[in-house]
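Participant: Before anything else, here's the structure in question.
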Amino acid sequence: MTKKLSTKNIIACLEKDASRPLSLKELVHKFDLTSEYRKELKQMLRELTDSGLLVKIRGNRYGLPSKLNLVSGVLQCHPNGFAFVLPEDEEEKKTGDVFISRTGLRGAMHGDHVVARVEGSKPGGKRDGRIIEILKRVNKRIVGTLRSIRGETIVIPSDERILDDVIISTEGLSKAGFHGKELDGNIVEVEITKWPAKKLPPFGKIISVIGDPSDPNVEINVIAKKYSVPCDFPKDVLKETTGTPEKILTSEIEGRVDLRDLKLVTIDGETAKDFDDAVYVERKKSGYTLFVSIADVSHYVKENTALDTEAFDRATSVYFPGRCIPMLPEVLSNGICSLNPAEDRLTMTAELDFNASGELEGKKFYESVIRSKERLTYTTVKKILEDKDTELEKTYSSITSDLALMKELALKLNVKRSKDGSIDFDLPEPQIIIDARGRVEDIIRSERNIAHRIIEEFMLAANRAVALSFKEAKVPAIYRIHEEPDKENIEEFKEFAGTLGYVVQGTGPKSFQRTLKHFEGHTAEKLINHVLLRTMKQAVYSDNNKGHFGLAFENYTHFTSPIRRYPDLIVHRLLKKILKKKYSTREVARMEEFLPAAASHTSTKERIAMEAEREAVGLKKAEFMKDKVGEEFDGFISGVTNFGIFVELKDFFVEGLVHITTLGDDYYHYLEKEHALVGEGTRRYFRLGDATRVILTKVDIEKRRLDLELAPEEGEEKRTKTTQQRKKSSSSKSSKRASKKIKRKKEEREKNKNGRTTKTSKTKNKAQKKKGRKKGL
């Protein structure tokens, strides 16, 4: 074999060395392969076509989607019936998503991996097309509300992006031991038995009844299933953790640096159960030495085990209000891996030397063993350092001076980071207080005090130092990157800031940081923070070190949370390879293959977890507000769209929609660049960040939505209906809509069925001809 065979090189060959799609035989010739490598090439081609990086066309030839006017990616549907294909190819991402109309879906569902043919473009270069191939079905199981009306049983998906209701046959019900009416209104899980095709809906069977949607715990389970967040661990994974020791063994300490005499402490939230990191600072003549010791999860989670595979699939722990779905079984996450106080634990330590100004002057990493001296909370540390609580100072007298030194270093690191241009969004976050029954007691502002800043600065410093080591070692690694905003978005932000009388100089993080500082204490402070945040791209994992724009770091990774993030676990393994000089040529090649896919997978899983967490928070907010319909609240405009304004309530950090149809005093137009709605005749402005007062008119728990209307101004007649009128009207309309929807679907199926009777034999013949070449064009 004269050319190195790899998926990367196959793509490069088709991109640069081939003027047309190539067959397997032609690729064998191109790579000068002997017969023993033919099977390996076949497997690689199968993987590339399954992932959409290649497309197999007529004549069993392989080509790049971009050269065939095709785009492969993930289908993202909108509740209104249209969809977009989000490209997977980096170059295609720059061109943008592909719009797919309802008729162009051709049976594809939200989340499916698909191939779309680009069939046109709109002004501004936006592309539209249709689905020509479904590479991978994602929604094998769907969670939704079961409805039985007029003898027809359907499941209405909880995820509105799944556009078709699932038809449940009478046979499917009886096999499950149910009748439609007895389950009407319950949340169920169904398995798809027949995928949708063109105008035909999907069919399925009930596999489990989750329960009454009014039960808050049921709804959280619905969200977990909706986003495919596994709540339970498979038996083979649990079997591997059987016998996990509660204490570390003496033999495991050999060869490690013993830090058990250092006064390392953990600082976390009150409800935290897994402790990833412990910190300690020593004063040196020329500055400080910071010790950041992180749980050595890689010691317990070995590669290619069932436990490792499950952790990779989950990629992250998911945090719902009052509940955590961990990446690792609790025997590890809350047990032997957690840096519990007064317990010996295995760790990976970053020892970082800083000068008096907070500049990094030296770094080293090693395997260690520690014994945390205290389990501290953010509140406790804040009371000691800022409130000077005498009782707590006595209780923690042995470490109060250490905490003061931590504060001293953290503030210097923060000043240094700020000088370098690091952008600090200090937007308030909600904290949901849950009672023992899973119900919401209160929603309050989450505090960010000096203790949070200490841990934040120390974790950033450790992550940055590890990334720098990867760069210096010149080996494949995984990084946490944050690319700079698109030029178009930057220009729009500059233009917007200009409407507030401020000229943004430059396009780097320093210029945006200066902008935020300019508006500190200003009435538009919240507004400018929101707009700038929306200008930014999302941070992701990548094997390509592109730096972190928001932090203004050239090198950054995630090293500090391997209990709850799989990328951190990868980083620990890579760091150990460097320390033990085991980064062989063969290992480099293996990582070059593994890391791009791992980065993409973990980034995707992180986004899914964030969406699930956001919806769970939305659910709890809706439950909390349900008994407050009819009340008035102060708030501010947190979002502006062409269909209305979103208002965040001042007291509860809860957001609702004032629909444009409720603004009856004028015709309103959406000014996108100004983030405002403006009245055609009155010139009345509703702008992002403006204060307003609203009435809560409706809470839809199922959709996690709050409907608001503007509170009447003094002397203005109240324009809202009473709560009783709204509830009655809403219930009646909902029932009528559901009946009409089911009747319409039934009529459509009968029509389609009758329309196909004369074409059955032709359809069968066509299907037989196509058999075996499903992936052809």
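We label chains A, B, ... in the order they appear in the structure tokens, count residues from 1 in each chain, and number ligands from 1 in the order shown.
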Could you name the residues that touch region 663-680 of chain A at 12 Å or less, counting only C-alpha atoms, but leaving out those on the same chain fewer than 3 positions away, as a PyMOL selection string?

Facilitator: chain A and resi 488-500+527-528+530-531+534-535+637-646+657-660+683-690+708-712+716+719-720

Participant: Show which residues sit within 6 Å of region 277-293 of chain A, as a VMD selection string. Count only C-alpha atoms, and ignore same-chain residues fewer than 6 positions away.

Facilitator: chain A and resid 264 to 266 347 to 356 406

Participant: If we count only C-alpha atoms and set the cut-off at 8 Å, which residues sit around Ala108 (chain A), ignoring sequence neighbours fewer than 4 positions away in its own chain? Please answer as a PyMOL selection string.

Facilitator: chain A and resi 75+112+114+131+134+196-197

Participant: With only C-alpha atoms as the counted atoms, please give the residues lying no more than 10 Å from Tyr396 (chain A), apart from itself and same-chain residues fewer than 4 positions off, as an NGL selection string.

Facilitator: :A and (374 or 376 or 380-381 or 384 or 390-392 or 400-401 or 403)

Participant: Show me, as a list in words, the residues that have an atom within 8 Å of region 567-583 of chain A when counting only C-alpha atoms, minus same-chain residues fewer than 6 positions from it.

Facilitator: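 Selected residues are Asp296, Val297, Ser298, Ala315, Met348, Phe365, Tyr366, Val466, Phe470, Ala473, Val475, Ala477, Ile478, Tyr541, Thr557, His558, Phe559, Thr560, Ser561, Ala599 and Thr602 of chain A.
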
Participant: What are the DSSP alpha helix (DSSP H) residues of region 264-317 of chain A, as a list in words?

Facilitator: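 Reading the DSSP output for region 264-317 of chain A, alpha helix (DSSP H) covers Ala306, Leu307, Asp308, Thr309, Glu310, Ala311, Phe312, Asp313 and Arg314 of chain A.
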
Participant: Go through region 386-478 of chain A and collect every residue that DSSP, computed from the backbone, puts in strand (DSSP E or B); the answer should be as an MDAnalysis selection string.

Facilitator: chainID A and resid 429:434 440:446

Participant: Env of Ser338 (chain A): 6 Å cut, atoms = only C-alpha atoms, seq-sep filter 5 positions within chain, self excluded. Answer as a PyMOL selection string.

Facilitator: chain A and resi 274-275+333

Participant: Would you kindly return, as a list in words, each protein, DNA or RNA residue with an atom no farther than 6 Å from any atom of His548 (chain A), considering only C-alpha atoms and excluding same-chain residues fewer than 3 positions away?

Facilitator: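 Once the nearby chain positions are removed, what remains is Ile481, His482, Leu551, Ala552 and Phe553 of chain A.
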
Participant: Just give me the gap between CA of Val629 (chain A) and CA of Pro213 (chain A) in Å, one decimal is fine.

Facilitator: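 Here the two named atoms are 19.7 Å from each other.
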
Participant: Find the residue from A:His452, A:Arg445, A:Arg150, A:Arg705 that sits nearest to Thr377 (chain A); use only C-alpha atoms when measuring.

Facilitator: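 Checking each of A:His452, A:Arg445, A:Arg150, A:Arg705 against Thr377 (chain A), counting only C-alpha atoms, the winner is A:His452.
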
Participant: Counting only C-alpha atoms, figure out which residue out of A:Val115, A:Gln431, A:Ala12, A:Ala691 gets nearest to Asp50 (chain A).

Facilitator: A:Val115

Participant: So which one's closest to Ser148 (chain A), A:Thr170, A:Arg102, A:Leu460, A:Gly358? Using only C-alpha atoms, please.

Facilitator: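 Ranked by minimum distance to Ser148 (chain A), first place goes to A:Thr170.
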
Participant: For each of A:Lys39, A:His113, A:Arg106, A:His78, take the minimum atom-to-atom distance to Ile162 (chain A), counting only C-alpha atoms, then give the residue where this is smallest.

Facilitator: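 So, comparing all the options, the nearest one is A:His78.
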